[in-house]
file work_4.txt (compact mmCIF, C-alpha atoms)
# COMPACT_ATOMS: atom_id res chain seq x y z
CA MET A 19 15.06 203.21 32.82
CA TRP A 20 14.22 201.99 36.32
CA VAL A 21 17.67 203.01 37.55
CA GLY A 22 17.06 206.58 36.45
CA SER A 23 13.64 206.66 38.12
CA LEU A 24 15.11 205.25 41.33
CA LEU A 25 17.88 207.84 41.38
CA THR A 26 15.40 210.63 40.75
CA CYS A 27 13.20 209.45 43.67
CA ILE A 28 16.21 209.17 45.95
CA PHE A 29 17.30 212.67 44.96
CA PHE A 30 13.92 214.24 45.75
CA VAL A 31 13.64 212.36 49.06
CA PHE A 32 17.10 213.56 49.96
CA VAL A 33 16.12 217.15 49.11
CA LEU A 34 13.14 216.93 51.50
CA VAL A 35 15.36 215.54 54.28
CA PHE A 36 17.90 218.26 53.49
CA ILE A 37 15.26 221.01 53.89
CA TYR A 38 14.17 219.55 57.22
CA ILE A 39 17.70 219.29 58.60
CA MET A 40 18.54 222.83 57.48
CA SER A 41 15.60 224.06 59.55
CA LEU A 42 17.00 222.54 62.75
CA LYS A 43 18.85 224.89 65.08
CA SER A 44 19.59 222.78 68.16
CA LEU A 45 22.08 220.29 66.66
CA SER A 46 25.80 221.00 66.86
CA LEU A 47 28.36 218.40 65.77
CA HIS A 48 31.99 218.48 66.89
CA PRO A 49 34.28 219.32 63.91
CA LYS A 50 36.37 216.16 64.35
CA PHE A 51 33.29 213.95 64.34
CA ALA A 52 32.06 215.81 61.25
CA GLY A 53 35.40 215.13 59.56
CA PHE A 54 35.02 211.42 60.28
CA LEU A 55 31.49 211.41 58.81
CA ASP A 56 32.69 213.31 55.76
CA ALA A 57 35.48 210.79 55.16
CA MET A 58 32.94 207.95 55.20
CA ILE A 59 30.73 209.82 52.74
CA GLY A 60 33.75 210.48 50.53
CA VAL A 61 34.61 206.77 50.38
CA LEU A 62 31.01 205.95 49.38
CA PHE A 63 31.08 208.65 46.72
CA LEU A 64 34.27 207.24 45.19
CA LEU A 65 32.82 203.71 45.16
CA VAL A 66 29.73 204.99 43.32
CA LEU A 67 31.84 207.14 40.97
CA LYS A 68 33.78 204.07 39.84
CA ARG A 69 30.55 202.50 38.56
CA ILE A 70 28.98 205.48 36.78
CA SER A 71 28.80 205.36 32.98
CA LEU A 72 26.11 207.97 32.20
CA TRP A 73 26.77 211.70 32.37
CA TRP A 74 23.38 212.63 33.86
CA VAL A 75 23.83 210.05 36.64
CA LEU A 76 27.22 211.64 37.36
CA LEU A 77 25.59 215.07 37.69
CA ILE A 78 23.01 213.73 40.16
CA VAL A 79 25.68 212.03 42.30
CA VAL A 80 27.87 215.16 42.26
CA ALA A 81 24.86 217.28 43.30
CA ILE A 82 23.98 214.88 46.14
CA ARG A 83 27.57 215.08 47.40
CA LEU A 84 27.33 218.87 47.49
CA LEU A 85 24.01 218.72 49.33
CA LEU A 86 25.52 216.38 51.91
CA TRP A 87 28.28 218.93 52.52
CA MET A 88 25.65 221.63 52.99
CA VAL A 89 23.88 219.48 55.58
CA LEU A 90 27.09 218.64 57.40
CA ILE A 91 28.29 222.25 57.49
CA ARG A 92 24.88 223.33 58.76
CA LEU A 93 25.16 220.90 61.69
CA VAL A 94 28.79 221.61 62.65
CA TYR A 95 29.73 224.24 65.22
CA TYR A 96 31.48 227.31 63.77
CA PRO A 97 32.94 230.21 65.79
CA GLN A 98 31.58 233.66 65.04
CA ASN A 99 34.60 234.74 62.97
CA VAL A 100 34.51 231.59 60.78
CA LYS A 101 31.85 231.67 58.09
CA ARG A 102 30.17 228.48 56.93
CA PHE A 103 29.70 229.80 53.39
CA TRP A 104 33.43 230.08 52.64
CA HIS A 105 34.09 226.57 53.89
CA LEU A 106 31.27 225.27 51.71
CA LEU A 107 32.56 227.21 48.70
CA THR A 108 36.04 225.75 49.24
CA LEU A 109 34.64 222.22 49.45
CA ALA A 110 32.45 222.73 46.37
CA PHE A 111 35.31 224.03 44.21
CA PHE A 112 37.65 221.32 45.50
CA HIS A 113 34.92 218.76 44.76
CA VAL A 114 34.43 219.86 41.15
CA GLY A 115 38.17 220.01 40.46
CA SER A 116 38.77 216.59 42.01
CA VAL A 117 35.94 214.99 40.03
CA LEU A 118 37.41 216.36 36.81
CA LEU A 119 40.79 214.86 37.73
CA LEU A 120 39.23 211.50 38.57
CA LEU A 121 37.34 211.46 35.28
CA PHE A 122 40.37 212.10 33.08
CA VAL A 123 43.19 210.34 34.92
CA GLU A 124 44.19 207.07 33.23
CA TRP A 125 47.03 205.71 35.35
CA SER A 126 45.60 203.63 38.20
CA PRO A 127 48.07 204.74 40.94
CA SER A 128 47.27 208.38 40.11
CA TRP A 129 43.56 207.68 40.46
CA TYR A 130 44.08 206.24 43.94
CA LEU A 131 46.35 209.12 44.93
CA ILE A 132 43.72 211.68 43.89
CA SER A 133 41.08 209.60 45.69
CA PHE A 134 43.15 209.74 48.87
CA ILE A 135 43.50 213.53 48.52
CA TYR A 136 39.74 213.79 47.89
CA ILE A 137 39.04 212.11 51.24
CA PHE A 138 41.94 213.49 53.27
CA PHE A 139 41.76 217.22 52.43
CA PRO A 140 38.11 217.79 53.47
CA LEU A 141 38.70 215.65 56.58
CA VAL A 142 41.54 217.90 57.69
CA SER A 143 39.54 221.04 56.87
CA PHE A 144 36.92 219.96 59.42
CA TRP A 145 39.52 218.90 61.98
CA LEU A 146 41.22 222.30 61.76
CA LEU A 147 37.99 224.10 62.63
CA PRO A 148 38.38 225.75 66.06
CA ALA A 149 36.37 223.98 68.77
CA LYS A 150 34.31 225.94 71.29
CA SER A 151 37.00 225.81 73.98
CA GLU A 152 39.72 227.17 71.69
CA GLY A 153 38.37 230.71 71.48
CA LEU A 154 38.54 233.08 68.54
CA HIS A 155 42.25 233.92 68.38
CA SER A 156 43.63 234.53 64.90
CA PHE A 157 46.50 232.07 65.29
CA VAL A 158 43.93 229.29 65.79
CA VAL A 159 42.15 230.12 62.53
CA LYS A 160 45.30 230.51 60.37
CA PRO A 161 45.96 226.78 59.76
CA TYR A 162 42.29 226.32 58.82
CA ARG A 163 42.45 229.21 56.35
CA ARG A 164 45.74 228.04 54.79
CA TRP A 165 44.42 224.53 54.39
CA ARG A 166 41.33 225.84 52.57
CA TYR A 167 43.63 227.83 50.31
CA TRP A 168 45.50 224.69 49.28
CA MET A 169 42.19 222.94 48.70
CA SER A 170 41.19 225.78 46.37
CA ALA A 171 44.54 225.55 44.56
CA PHE A 172 44.03 221.81 44.08
CA GLY A 173 40.52 222.48 42.77
CA LEU A 174 42.04 224.99 40.37
CA PHE A 175 44.47 222.32 39.18
CA GLY A 176 41.51 220.01 38.54
CA LEU A 177 39.60 222.76 36.72
CA TRP A 178 42.49 223.45 34.35
CA SER A 179 43.15 219.74 33.87
CA GLY A 180 39.55 219.31 32.75
CA THR A 181 39.76 222.42 30.57
CA PHE A 182 42.94 221.32 28.80
CA ALA A 183 41.57 217.78 28.45
CA ALA A 184 38.41 219.15 26.81
CA VAL A 185 40.56 221.26 24.47
CA PHE A 186 43.17 218.61 23.60
CA LEU A 187 40.69 215.75 23.24
CA GLN A 188 38.07 217.95 21.50
CA ILE A 189 35.34 216.73 23.84
CA LEU A 190 33.16 219.80 23.31
CA ASN A 191 32.30 221.07 19.85
CA ILE A 192 33.08 224.71 20.62
CA SER A 193 36.04 227.02 20.11
CA TYR A 194 38.85 226.40 22.59
CA TRP A 195 38.88 230.12 23.33
CA TYR A 196 35.55 229.82 25.17
CA LEU A 197 37.05 227.18 27.47
CA LEU A 198 40.29 229.06 28.08
CA VAL A 199 38.53 232.37 28.74
CA GLY A 200 35.94 230.74 31.01
CA ALA A 201 38.60 228.97 33.09
CA SER A 202 40.64 232.20 33.23
CA VAL A 203 37.63 234.14 34.56
CA ILE A 204 37.08 231.52 37.28
CA THR A 205 40.80 231.64 38.16
CA THR A 206 40.62 235.43 38.44
CA ALA A 207 37.58 235.12 40.73
CA ILE A 208 39.52 232.65 42.93
CA THR A 209 42.39 235.17 43.01
CA VAL A 210 40.12 237.96 44.24
CA TRP A 211 38.47 235.66 46.77
CA TRP A 212 41.75 234.69 48.39
CA TRP A 213 43.13 238.22 48.41
CA GLN A 214 40.00 239.15 50.34
CA GLU A 215 40.54 236.23 52.73
CA TYR A 216 43.88 237.86 53.60
CA ASN A 217 42.19 241.24 54.14
CA ILE A 218 43.63 243.01 51.10
CA GLU A 219 42.06 246.45 50.74
CA LYS A 220 39.96 246.94 47.63
CA ASN A 221 41.26 249.99 45.80
CA LEU A 222 42.37 250.95 42.30
CA ARG A 223 45.67 249.06 42.63
CA PHE A 224 43.75 245.96 43.75
CA TRP A 225 41.61 245.96 40.61
CA TRP A 226 44.59 246.69 38.36
CA TRP A 227 46.31 243.62 39.76
CA THR A 228 43.12 241.61 39.27
CA GLY A 229 43.01 242.53 35.59
CA CYS A 230 46.71 241.76 35.20
CA VAL A 231 46.36 238.34 36.80
CA GLY A 232 43.39 237.49 34.56
CA LEU A 233 45.32 238.54 31.45
CA PHE A 234 48.43 236.68 32.60
CA VAL A 235 46.50 233.46 33.22
CA LEU A 236 44.83 233.63 29.81
CA GLU A 237 48.17 234.24 28.09
CA ILE A 238 49.96 231.38 29.85
CA ALA A 239 46.99 229.10 29.12
CA TRP A 240 47.24 229.94 25.41
CA VAL A 241 51.02 229.32 25.44
CA LEU A 242 50.59 225.98 27.21
CA PHE A 243 47.91 225.02 24.70
CA ARG A 244 50.57 225.43 22.00
CA TRP A 245 53.21 223.44 23.89
CA PRO A 246 53.55 219.68 23.26
CA LEU A 247 52.48 218.74 26.79
CA GLY A 248 49.71 216.63 28.28
CA TYR A 249 46.76 218.24 30.02
CA PHE A 250 47.85 217.33 33.57
CA ALA A 251 51.34 218.78 33.08
CA SER A 252 49.91 221.92 31.44
CA ALA A 253 47.46 222.42 34.31
CA LEU A 254 50.16 221.95 36.95
CA ILE A 255 52.47 224.46 35.28
CA LEU A 256 49.67 227.02 34.96
CA VAL A 257 48.62 226.72 38.61
CA TRP A 258 52.30 226.87 39.60
CA PHE A 259 52.70 230.22 37.81
CA TRP A 260 49.35 231.42 39.18
CA TYR A 261 50.40 230.68 42.75
CA ASP A 262 53.67 232.62 42.35
CA ILE A 263 51.96 235.68 40.86
CA TRP A 264 49.13 235.51 43.44
CA LEU A 265 51.65 235.44 46.30
CA LEU A 266 53.76 238.22 44.82
CA ALA A 267 50.71 240.44 44.31
CA ARG A 268 49.41 239.66 47.79
CA PHE A 269 52.59 240.93 49.43
CA HIS A 270 52.73 243.90 47.06
CA LEU A 271 49.17 244.94 47.96
CA LEU A 272 49.82 244.79 51.71
CA PRO A 273 51.05 247.99 53.43
CA ALA A 274 54.41 246.37 54.30
CA GLY A 275 55.11 245.57 50.64
CA ILE A 276 57.41 242.83 49.33
CA ASN A 277 60.38 241.67 51.39
CA TRP A 278 62.69 240.83 48.50
CA SER A 279 65.39 239.36 50.75
CA LYS A 280 62.95 236.51 51.53
CA GLN A 281 61.13 236.30 48.23
CA VAL A 282 64.19 236.11 45.96
CA LEU A 283 65.19 232.79 47.52
CA PHE A 284 61.60 231.56 47.28
CA PHE A 285 61.32 232.35 43.57
CA ALA A 286 64.79 230.95 42.86
CA ILE A 287 63.78 227.62 44.45
CA ASN A 288 60.50 227.67 42.52
CA GLY A 289 62.33 228.30 39.26
CA PHE A 290 64.74 225.43 39.92
CA LEU A 291 61.92 223.04 40.79
CA LEU A 292 59.91 224.07 37.73
CA LEU A 293 62.86 223.52 35.39
CA SER A 294 63.54 220.15 37.02
CA PHE A 295 59.90 219.22 36.51
CA LEU A 296 59.97 220.22 32.83
CA ILE A 297 63.26 218.49 32.07
CA LEU A 298 63.20 215.37 34.25
CA ILE A 299 59.54 214.51 34.83
CA VAL A 300 57.31 215.85 32.05
CA ARG A 301 56.89 213.60 29.03
CA TRP A 302 57.00 215.83 25.96
CA LYS A 303 54.90 214.82 22.96
call {"tool": "encode", "arguments": {"input": "work_4.txt", "output": "structure tokens"}}
result
Amino acid sequence: MWVGSLLTCIFFVFVLVFIYIMSLKSLSLHPKFAGFLDAMIGVLFLLVLKRISLWWVLLIVVAIRLLLWMVLIRLVYYPQNVKRFWHLLTLAFFHVGSVLLLLFVEWSPSWYLISFIYIFFPLVSFWLLPAKSEGLHSFVVKPYRRWRYWMSAFGLFGLWSGTFAAVFLQILNISYWYLLVGASVITTAITVWWWQEYNIEKNLRFWWWTGCVGLFVLEIAWVLFRWPLGYFASALILVWFWYDIWLLARFHLLPAGINWSKQVLFFAINGFLLLSFLILIVRWK
């Protein structure tokens, strides 16, 4: 009981400090220093996560981690063409997906690998932020944007891993369709978000592709639910297909269209790697 009261007090004190820091306007941290601070916070979060056994304590710790990111992003310098909100959204989605992976992974080396990714990816996202002296050129921002995209894709992998785990292990006493549809809606929202990040014009074709991607994701999720695979393998295959269709639609929606001479080789390599993964690596039930 006293542990819960202590955590509640710490949470409310932290909220008050958070409100005060968010009101400050004179502080401006260098992105690389912010990345170092974030890595230290990430290590502390993982150490605490290892010792949590109650679900409501987990929710409090996850919320505190998100608030710390809000504080850090508020204090870091951002150029005018780089929005804090989208970085925070990337970190939040990556955070939720990573936590789901860490909760369900059973093999110890995998847990440490995901832990390393959990610390390393946000660190690099801060380090790739353009500093004041680097100007606002688009080529400076591209690595930062691509890195956030891969963070979102990893968060999507974590989301689907948690969804399939909840379905396969029957953790929640609800129809599996609610979980599959909910995860598909979130995946469709991520699709729209990242098409917008690449300045895709919103028109009728854009929304047709959005509906098609949502339907495709739901269908492949239902098929994978029927396959004799584990939840991590199912999630990886789904995100793999999602990435290919997202990339194909992105080029199709741009004025230049699809350069098939380049994309045919890309999809052929993807198909070979996917088959190799299914045949040589995946453990079928």
call {"tool": "residues_around", "arguments": {"input": "work_4.txt", "residues": "A:Leu187", "least_positions_apart": "6", "cutoff": "12 Å", "atoms": "all atoms listed in the file", "output": "list in words"}}
result
Phe122, Ser179, Gly180, Thr181, Tyr194, Phe243, Gly248 and Tyr249 of chain A
call {"tool": "atom_distance", "arguments": {"input": "work_4.txt", "atom1": "atom CA of A:Lys101", "atom2": "atom CA of A:Arg83"}}
result
20.2 Å
call {"tool": "residues_near_point", "arguments": {"input": "work_4.txt", "point": "(31.1, 231.6, 52.6)", "cutoff": "12 Å", "atoms": "all atoms listed in the file", "output": "PyMOL selection string"}}
result
chain A and resi 88+91+96+99-110+166+211-212+214-215
call {"tool": "closest_residue", "arguments": {"input": "work_4.txt", "among": "A:Leu254, A:Leu146, A:Leu272, A:Leu293", "to": "A:Gly176", "atoms": "all atoms listed in the file"}}
result
A:Leu254
call {"tool": "atom_distance", "arguments": {"input": "work_4.txt", "atom1": "atom CA of A:Asp262", "atom2": "atom CA of A:Leu298"}}
result
21.3 Å
call {"tool": "residues_around", "arguments": {"input": "work_4.txt", "residues": "A:Thr228", "least_positions_apart": "3", "cutoff": "10 Å", "atoms": "all atoms listed in the file", "output": "list in words"}}
result
Thr206, Ala207, Thr209, Val210, Trp213, Leu222, Arg223, Phe224, Trp225, Val231, Gly232, Leu233, Phe234, Trp264 and Ala267 of chain A
call {"tool": "residues_around", "arguments": {"input": "work_4.txt", "residues": "stretch 250-253 of chain A", "least_positions_apart": "5", "cutoff": "7 Å", "atoms": "only C-alpha atoms", "output": "count of residues only"}}
result
5
call {"tool": "closest_residue", "arguments": {"input": "work_4.txt", "among": "A:Pro148, A:Val66, A:Ile132, A:Val235", "to": "A:Gln98", "atoms": "all atoms listed in the file"}}
result
A:Pro148
call {"tool": "residues_around", "arguments": {"input": "work_4.txt", "residues": "A:Phe63", "least_positions_apart": "6", "cutoff": "10 Å", "atoms": "all atoms listed in the file", "output": "PyMOL selection string"}}
result
chain A and resi 57+79-80+82-83+137
call {"tool": "atom_distance", "arguments": {"input": "work_4.txt", "atom1": "atom CA of A:Arg301", "atom2": "atom CA of A:Gly289"}}
result
18.7 Å
call {"tool": "closest_residue", "arguments": {"input": "work_4.txt", "among": "A:Val257, A:Val159, A:Val199, A:Val94", "to": "A:Phe172", "atoms": "only C-alpha atoms"}}
result
A:Val257
call {"tool": "closest_residue", "arguments": {"input": "work_4.txt", "among": "A:Arg69, A:Ala81, A:Leu64, A:Val75", "to": "A:Trp129", "atoms": "only C-alpha atoms"}}
result
A:Leu64
